[in-house]
Each structure stands twice: as C-alpha cells, then as structure tokens.
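Beneath this line is the structure, given in structure tokens, with notes to follow.
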Amino acid sequence: MLVLLILHLVAALVAPLLVRWWGPRACYPLALAPAAAFGWAVARAPAVRDGGAVVEAYPWVPQLRLDLALRLTTLSWLMTLLVGGVGALVLVYCARYFAAGSAGLARFAAVLVAFAGAMLGLVLADDLLLLYVFWELTTIFSYLLIGHSTTRRASRWAAAQALTVTTFGGLAMLVGFLMLGRHTGGYRWSELAGGGLPAGGYLVTAVLLVLTGALAKSAVLPFSGWLPQAMAAPTPVSAYLHAAAMVKAGVYLLGLLAPVLATAGPWRPVTVTAGLLTMLVGGWAALRQCDLKLLLAYGTVSQLGLLTVALGAGTPSAALAGTAMLFAHALFKAALFLVVGAIDHSAGTRDLRELSGLGRRAPLLAAVGTLAAASMAGLPPLVGFVAKEAVLAAFTDQPVVLAGLVAGTVLTVAYTARFVWGAFGTRPHADRTEPQPVPAAMLGPPALLAVAGLAAGVLAGPAGALLRPYAELFGPVPEHLALWHGPTLALGLSALALAGGAALFALRGPLAPVLARVRAPVGGAQGYEWLTHRFDRLAIEVTSATQRGSLPLYLGTILLVLVVVPGGAMLAAGPWRQGVPLWDTPLQPVVGVVSAVAALLAVGARRRLTAMLLVGVTGYGTAMMFVLHGAPDLALTQFLVETATIAVFVLVLRRLPERFSARPLRRSRWARRAVGAAVGVVLAGLCLVAVGARTAPPVSLAFPGLAVSEGHGRNVVNVTLVDIRAWDTMGEISVLVVTATGVASLIFQRSRTGPRPRRPRRPERSAQRGPQRPVWLRGGPTLAERRRSIVFEVVTRLLFHTIVLFSLFLLFSGHNAPGGGFSGGLVAGLALAVRYLAGGRYELAEAAPVGAGTVLGAGLAVSVGTGAFALLAGGSVLQSAKLDLWLPGVGDFYVVTSLFFDIGVYLIVVGLVLDILRSLGAEVDRHIEAAGKTERGLIVDPQGRRP
C-alpha cells in the first residue's frame, strides 16, 4: 500500500515534465498510477471477501503512538476501487478534454494525480491522525483544482469557499479524534473500536465534532453551499472530486465509524435528520437548474444526503444498502459529469434551454448519458435500482424516514428526466448548431462507467456478497442484494417513486411558478458571503477598538496580564516548598548585577545606539551565566547570536534617527521600569515553582547516555539538536527559512536567487600619474574615501579565510566538542558581515557570489534529504548511523550521518545572515547611492544603473 502512495507521489512530481514533452497526451501514462491502485484492489478481493484485512504498519513517531498504519477492509476496498478506477478514466478523459497548450495544464495534471494519492491514503489509513493528514491534503488539492482557472473570479471564490468550509470541518473533526484517542490511549481505529468509548457529555462532544467534519466534507446541510459553487472547476474535476472521490470522504468516514459510534447519543438523530433534509432540498433545487452541470451538482448534494442516511443509520440492512448506493452513485454520477463535459465540448454550451436535437446527432453520447441517467433514476436492471430498493427496504420499519426517502426519490426521478430531456431532447425555438464529433477518449470513460453500472445491476448477487462483510459488523444481515425480491413493499415504493417523478416532470410547465417561488430564503453562496462579510466586519470592529497603533501599549498589556494572572496564581498556590539558593559561585551575582544595571540603563537611554549596546551587555551577561554554569556550547552560541544581533542593529540604525522621540515622558519611564521589574520577579518565581513542582525525573537525565550510545557523540547539546530531537530542529529551521523569505520580501521586492551586483569597472591609472595603490579588497575602491579604512581592509583580508576555516572546524567538531552547524554558520555569517563592513556591497558580492535564497533552499534540502535517506535505508526518519572509515595517514575514524543534517543547518544560518546583509545592508546602500545621485541631478533606474 505504501508503494502505491509513493507511486502517486512520483507521478505527480514528473507530471509537469511529461506535460511539457507530450502536452495533454501525458495524461495517458499518468493514468497508470490510479490504474495500479485499481488493479491492486481487484487482486486483493479474495483477501477481503470473507471479512479479512490487508495490514501494513511502519513506525513513525513511537513516543506519540503514531504509525504509518494502513489497513484494507471491505469498505476501504470499495473506495480504493472507485478512487483508482474512476481516477484512471478521468485522466484518460483529460487527454482529449484539454487542448494542446492549455494554460496551467502541467500544474493541473500534477495536482490531480497528487489528489488521487491523497484520497487513496485517506481510505487506507488506519490511524486517525494519519487519516486527518490525508484528509487535509485532499482539501488543499481540491482547492487548487477548483481554482484552476486563476483568471476567473468565480473559480477563485469557489475554491476559497470550499477550502474554508472543509477546513473548518476538518479542524473540528481533528479535535474529536484527539478526544477519542486520549480516552482510549491510541489512534489506530482497528484497536480503538474494541477499546471502549467514553460516556456522557465527553462522548457527545467528540461525536458532534467528528460529524461536523464528515458533513462538511460531503456537503450535507448546513454545509451544502460550497459544492454547487465548486462547479466552476473543469468538468473532469467535478466528475472525480465531486462525484466519486472527495465528497465521498465524509460518507466514507460515517461508514468507517458507524460500527462503533452509531449507538452514541447524537449520531443517528444528526445523520438521519441532516441527510433527509439535504436529500429533499438538493433534489428540489436540481429541478430549478438550467445548467446541466449545476443540475448534476444539486443532484449530487441530494444523493449525498441519501448516503448519509443509509451509512449513518447503523443497522445491517442499511449498511449493505449504503455501500451499494456508494458504489452505484460513483458510477452513474461520474459518467454523467463526463457526458456533460462531452456535450459542452461538442455543442459549446451546457444550457438545456439552448440544446436541442443532440440525441439524434450524437446517438452514442445520448445512449451513454441515458444509460447512466437511468441508473440514477433507479430503473432496473441497473445497479442504481438495486441500491435504491435496498435503501427503501432497510427503512420499512421507520415510516417517517421512509416517507422522506420516497419523496427524495421522486425528486431524483424528476430531475433525471429533466437532465435527459434537456441534454438530448428536441425542442422548438432552440439552437440547433451542428455539434462537433466527440473523440473516443472522451466517450470511452463514461461509456465504461455506464456499462459497469449495468453489469453490476445484473450481477447484484455476487457484488452484494463482496460488500456483505462490512454489513455484518453491525450484526446478522437479513437481506441480500438482488434484482428481484418478489412483490415487496420496497418494490412497490420504487414503482411509486418512478411514477411520481415522471408525473412531476410532465407537469413541469404548470409547476414552473411554484418552482420559481419555493426556494430557500438564503442560498448557499449568499449565506457564505453574508457570513464571511460579518466576520470581516467583526474583525474590523475588534481591531479598531483594541489596535490603537501603540506598540508600548500592546506590550504593556501583555506583560501586565502575565504579572496579574500567572503571578496571582503563583502567590495563591503558596507556600513554596523549595529553597532559593542565591548563587553557586561569587561571580554569578556580579554578572547578574551588571546585566540588571544594563537593562535598567537601556530603558532610560536617549540614543538608539546606546540602548542597543546596553541590551547587548545583557545578552553577553547571559552568555557568561552559561559559562559559569558549565555550559560552554550554550555560551558560545549566545555570544555569537548576540554579536550577530548587534551587527543587524547597526545596519538598521543607519536609517533611523539618532535619538528616540521625546516620549515616553519621565513619569511613564518609571512605570515601564516597574512593569519590567515585576515581570522579572514573576518569571523568576514561576521558574522556581515549576522546578520545585516536578514529581518525575526529567527526561534530559537520559540524554548523556543516549548521546553516546545512540548519537555516537559526547556533545550532548549538539547530539540533542541533530539526533535525539531532530524533528524539533527540522521544524525550527523550516520556520527560519520561511521567516527569512517573508522578512526579506517585506523589506525589498528583489530576486533572492539571481546574480549579485557586479563591481563597476574603473579606468586604469596611467603610468604618468604614479603607481597604483595596493587593493586589499576588490570592493574597497568602490567606497568613498571617507568610508574606507585601509587597516580594516588589511585585517579583513588576513582574517576572513581563517574565520571561515574556524566555522568549518566548529561544524565538524560539534558532535564531540562545543560547536555544531548553528554555531559554525553564525561564525561564517559574521565573516561575511566583516567583509561587507570593510568593502561594501560589492565586496559582499565578491565574497558570496550566490543568492541567499539558493543557500537557504540548499540547506533545507540537505537536512530534509538526510531524513528521507534514513527512511529509504530502512530506518526511521532522521535516524542517525555510525560509519566506520579508514584513510591512509589518518587511520581509523568514524562519521555520524547526523553530520549531514548539521551541514544543512550550517547552510541555513549562513543563508539567513547573507539575506540580512543583502536586505538591510547592500539594499540600503544601493538606495542611499541612488538618492545621492538623484540629488546631484542624475537620473537612475530602480536597479541603481544610469540609463
């Protein structure tokens, strides 16, 4: 199963390249990925036919009980067939649906294959948290697919609406999953089902949260509005996502959880009520549509309501009928959407008021569409008839629900007749433009789906036997799927629904005013727009009331809340049991007093540079505290960070006034000093209370031993960062890269990967004017004489390479001695800073002739690649290994693979410093130069070049 997911990932990655080579025909080889999933599921049919399961599990984060757990059972087997089979046919269809050179086709093909892989992972996931990961991936990919036409506002709006609604439901569902997993001690659904459920309001809350996610994903009321709007997507997207795959995720989740949660308090009332209302409202809305695609969209909403009722009922008969309906709906609705795409491609319109005579001029297309529509209406011997009769039979003991199902079926028959009549009928006064021929690649996929619906109806008995193991999870199954059960009540109700739907369609003329008048007071799109507008308005009101533009006010409010709330709780929790040692060595209070005095002086400083230097003193004081506590690695890092911070401040202060403003007033300064002192006291007290409240030994006590035995290093700090807690470091460096990109983009909108500015050439001095001055730095001559320091240039020339070598020494020795990638990267960054300060922006370009974005990306790629390589080598992600090596003249030595992860950290830190120097240093220099030339009457372009 994991191989299938990797296959989809690889196909998605190579899709843009294939589309560039072959155009739309690249969809043919891309269809092999979902086709492989379909073939694999067919081969596993014997394994799940008798209720068995195919299981794969790979360790992921054992400490959190998270595994890559995949499980194929009857229900997931059925969904795998649909996801793989329909996905392959839709990709084949896309090969002729899109014209050569279509805008965004490469992205579309890659995202569609990626969506197929995410949907496959969703239905195969056994771990609820893993299911949520794939759940949100389908949400993101559907957003990209719905918004494929980026130039159309309707597409962008529909994509945003679908993303907002389904993401909201997904977050609610995640909270429900966490509540269930916290109570039972794990997230494996196969184990959770037998572990017992919580009781009372806790279970009710968890169930309601899970139902919110399922109903939002499947567009069940009150979340139905996003699905019709999503018809702005290309027709293949509608056929796959909104008929066979994504909207099925919600009802699939209902079916997955129903064996355990169906008896939980609100489950049945919510699913049955919401499902019936959705079926009726969606069916009634479908009767009012003139766009064939919108008609099918509202019909999908109606059918999803039916599936919600069947799969949420939690009875054996309803479960069997629900899985049959799940299968039938995917076949006929995907086929009908593909037929509508062919009609649009052939006739140039989907408006049934403009179509006429298409049935005579495109008989094969009409035959395919009519066959699929007959299954949707529930005509024998198609699978739609078998499934709907089974649904009606499952609820014969619930008259109210049965009446609602029959009414919804009447509407289904009526809008099905409207579809067939509108698409293929002949009407006077309609456009009879000669249609274009439909390519075989566009007619074949819907024809296969329609014929499959016919074959499944004829073979209802064997098909029902494959689905029966799922229904048996609820108890003995009294019914079986068949074309003929004799003269039953369900058969009579099916005939009544067909007659009622035909009559409703026949009376469409007299009922037209009623259809136009009876509608929801607020449509789904209008309701969503009103709600988002209200949220925007509320945000504006709250912002205007709380955000006054005063940073000291914001910070002071936060700090006062910290003092009052946690500080008050700390005082109320007294008395404290732990003692308060004043110092371990006499030097500690000295350093502490110096740092405190520097902090107090910084508050009252009038000059910005003075305040910055005093703040730096507090940072160096903290580093000295680390030294006195025997933490040289932390001290080294703190010293380097403080030095780099001072360099950044110096760059920024060039563009700021020398002095602070007249405010704050003298009396408010003392108030700020008091707040700062109170915060310091509260934080110190909280640290003491937290340490004294510990009841278990800290996990860090095991780190020294683990550092040697597992990480193969003696520097506990570095081994912790790159091995024991490598996942934390991975997240931190990812945030660092994103932050650097965002900050640099906010400062100056310039390329961060392109070529650097070149040093301007100067004419050679003539021999008559005497010998040239020696050039210690190539960028030095570009600076004004008053800004140059020959001594500084000479020292920089002598020390730069030594500092870089020292940074590499820290990098490679950090596993066993103070240092590491972070410290080494800071040292290399400071070397670049010295080079820039000595020779200016052109000298920086000479020292680092590469873009900062390139260095950041390379570092992140190296770190991520290290983790991925460990997984491919058979270990866990980011697992370290010791490599014993031998070199002549050196002898035996070893290398730990976490070194390569540390190299990535080194590159990221160097790239970050380079980004800062280019943004706050070189770019500011360029603007200053441009401003000076403008003042002298010279016109320069934004790049600093003369025209």
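In the structure tokens, chains take the letters A, B, ... in the order shown, each chain's residues start at 1, and ligands count up from 1 in the order shown.
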
Residue contacts of segment 618-632 of chain A (7 Å, only C-alpha atoms) excluding same-chain residues fewer than 4 positions away, as a list in words: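 Residues meeting the cut-off are Gln588, Val591, Ser595, Ala598, Ala599, Leu614, Leu636, Gln638, Phe639, Glu642 and Pro818 of chain A.
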
List the neighbours of Ala26 of chain A out to 10 Å using only C-alpha atoms; skip same-chain residues closer than 4 positions along the sequence, and give me the result as a CSV table (one decimal) with C-alpha atoms, in the first residue's frame.
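Okay, out04.csv is ready:
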chain,number,residue,atom,x,y,z
A,15,ALA,CA,3.7,15.2,-14.4
A,16,PRO,CA,4.8,18.7,-15.3
A,17,LEU,CA,7.8,17.4,-17.2
A,18,LEU,CA,5.6,14.9,-19.1
A,19,VAL,CA,3.1,17.6,-20.0
A,20,ARG,CA,5.9,19.8,-21.3
A,21,TRP,CA,7.0,16.9,-23.5
A,22,TRP,CA,3.7,15.5,-24.7
A,30,LEU,CA,-0.2,9.4,-15.6
A,31,ALA,CA,-3.4,7.3,-15.5
A,91,LEU,CA,-7.1,11.1,-16.6
A,92,VAL,CA,-7.7,9.3,-19.9
A,94,CYS,CA,-8.4,14.7,-19.7
A,95,ALA,CA,-6.1,13.8,-22.6
A,106,ALA,CA,1.1,20.9,-16.1
A,109,ALA,CA,-2.1,17.1,-14.1

Skip segment 819-836 of chain A itself and residues of its chain fewer than 6 positions away, then list as a PDB file with C-alpha atoms, in the first residue's frame all residues within 8 Å of it, counting only C-alpha atoms.
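Output saved as part33.pdb:
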ATOM      1  CA  ASP A 633      28.235  25.161  23.992  1.00  0.00           C
ATOM      2  CA  LEU A 636      29.353  30.038  22.545  1.00  0.00           C
ATOM      3  CA  THR A 637      26.010  30.120  20.770  1.00  0.00           C
ATOM      4  CA  LEU A 640      27.630  34.515  18.525  1.00  0.00           C
ATOM      5  CA  VAL A 641      23.907  35.273  18.446  1.00  0.00           C
ATOM      6  CA  ALA A 644      25.167  38.905  15.020  1.00  0.00           C
ATOM      7  CA  ALA A 647      25.531  43.769  13.607  1.00  0.00           C
ATOM      8  CA  ASN A 718      24.592  19.123  19.571  1.00  0.00           C
ATOM      9  CA  THR A 796      39.777  41.557   6.902  1.00  0.00           C
ATOM     10  CA  PHE A 800      38.495  36.230   6.567  1.00  0.00           C
ATOM     11  CA  ILE A 803      37.359  32.738  10.311  1.00  0.00           C
ATOM     12  CA  VAL A 804      35.692  30.622   7.611  1.00  0.00           C
ATOM     13  CA  PHE A 806      37.189  28.140  12.090  1.00  0.00           C
ATOM     14  CA  SER A 807      33.478  27.964  11.259  1.00  0.00           C
ATOM     15  CA  LEU A 808      34.079  24.684   9.429  1.00  0.00           C
ATOM     16  CA  PHE A 809      36.057  23.426  12.412  1.00  0.00           C
ATOM     17  CA  LEU A 810      33.094  24.188  14.670  1.00  0.00           C
ATOM     18  CA  LEU A 811      30.798  22.411  12.224  1.00  0.00           C
ATOM     19  CA  PHE A 812      32.790  19.186  12.044  1.00  0.00           C
ATOM     20  CA  SER A 813      33.875  19.079  15.690  1.00  0.00           C
ATOM     21  CA  GLU A 843      32.739  43.204  -1.698  1.00  0.00           C
ATOM     22  CA  LEU A 844      29.902  41.142  -0.208  1.00  0.00           C
ATOM     23  CA  ALA A 847      32.690  37.047  -1.006  1.00  0.00           C
ATOM     24  CA  ALA A 848      29.367  35.258  -1.643  1.00  0.00           C
ATOM     25  CA  ASP A 902      24.108  19.651  10.693  1.00  0.00           C
ATOM     26  CA  ILE A 903      25.572  20.763   7.363  1.00  0.00           C
ATOM     27  CA  GLY A 904      22.068  21.735   6.293  1.00  0.00           C
ATOM     28  CA  VAL A 905      21.675  23.779   9.485  1.00  0.00           C
ATOM     29  CA  TYR A 906      25.029  25.444   8.759  1.00  0.00           C
ATOM     30  CA  LEU A 907      23.932  26.456   5.259  1.00  0.00           C
ATOM     31  CA  ILE A 908      20.589  27.784   6.504  1.00  0.00           C
ATOM     32  CA  VAL A 909      22.241  30.008   9.110  1.00  0.00           C
ATOM     33  CA  VAL A 910      24.758  31.292   6.531  1.00  0.00           C
ATOM     34  CA  VAL A 913      22.878  36.093   7.644  1.00  0.00           C
ATOM     35  CA  LEU A 914      23.529  36.653   3.948  1.00  0.00           C
ATOM     36  CA  LEU A 917      23.273  41.616   4.930  1.00  0.00           C
TER      37      LEU A 917
END

Secondary structure check, helix (DSSP H, G or I) residues of segment 534-608 of chain A, as a PyMOL selection string: chain A and resi 534-546+551-572+587-604+608

Nearest to Leu78 of chain A, chosen from A:Ala922, A:Ala335, A:Leu467, A:Leu498, with only C-alpha atoms counted in the distances: A:Leu467

Find the residues of segment 387-482 of chain A that sit at most 12 Å from segment 505-509 of chain A; for each, write down the nearest two atoms and how far apart they are in Å, to one decimal. Count only C-alpha atoms. Sort by chain, then by number going up, and give it as a Markdown table.
| residue | atom | partner | partner_atom | distance |
| --- | --- | --- | --- | --- |
| A:Val410 | CA | A:Phe505 | CA | 9.8 |
| A:Leu411 | CA | A:Phe505 | CA | 9.1 |
| A:Thr412 | CA | A:Phe505 | CA | 10.5 |
| A:Val413 | CA | A:Phe505 | CA | 8.3 |
| A:Ala414 | CA | A:Phe505 | CA | 5.1 |
| A:Tyr415 | CA | A:Phe505 | CA | 7.5 |
| A:Thr416 | CA | A:Phe505 | CA | 9.1 |
| A:Ala417 | CA | A:Phe505 | CA | 6.7 |
| A:Arg418 | CA | A:Phe505 | CA | 6.8 |
| A:Phe419 | CA | A:Phe505 | CA | 10.5 |
| A:Val420 | CA | A:Phe505 | CA | 11.2 |
| A:Trp421 | CA | A:Phe505 | CA | 9.8 |
| A:Gly422 | CA | A:Phe505 | CA | 11.6 |

Test item: residues at most 12 Å from Gly201 of chain A, only C-alpha atoms, excluding those fewer than 4 positions along its chain, as a list in words: Met179, Leu197, Thr205, Ala206, Val207, Leu208, Ala264, Gly265 and Pro266 of chain A

Polymer residues at most 12 Å from Gly283 of chain A, only C-alpha atoms, same-chain spacing of 6 or more positions, as number ranges by chain: A: 276-277, 289, 294-306, 377, 404-416, 418, 501, 515, 519

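Among the candidates A:Leu192, A:Trp530, A:Leu145, A:Glu389, the residue lying nearest to Ala497 of chain A is A:Glu389 (atoms considered: only C-alpha atoms).
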
Separation of atom CA of Arg714 of chain A from atom CA of Ser700 of chain A in Å: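 Separation of atom CA of Ser700 of chain A and atom CA of Arg714 of chain A: 14.4 Å.
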
Selected residue of minimal separation from Met376 of chain A among A:Phe168, A:Phe395, A:Phe332, A:Tyr97, counting only C-alpha atoms: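 That would be A:Phe332, the residue with the smallest distance to Met376 of chain A.
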
Distance of atom CA of His712 of chain A from atom CA of Phe900 of chain A, expressed in Å to one decimal place: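 Going from atom CA of Phe900 of chain A over to atom CA of His712 of chain A covers 14.3 Å.
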
Selected residue, from A:Tyr470, A:Tyr240, A:Tyr202, A:Tyr894, that lies nearest to Ala324 of chain A when counting only C-alpha atoms: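 Closest to Ala324 of chain A of all the choices is A:Tyr470.
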
From A:Met1, A:Ala88, A:Leu254, A:Val340, residue lying nearest Ala310 of chain A [only C-alpha atoms]: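 Among the listed residues, A:Leu254 lies closest to Ala310 of chain A.
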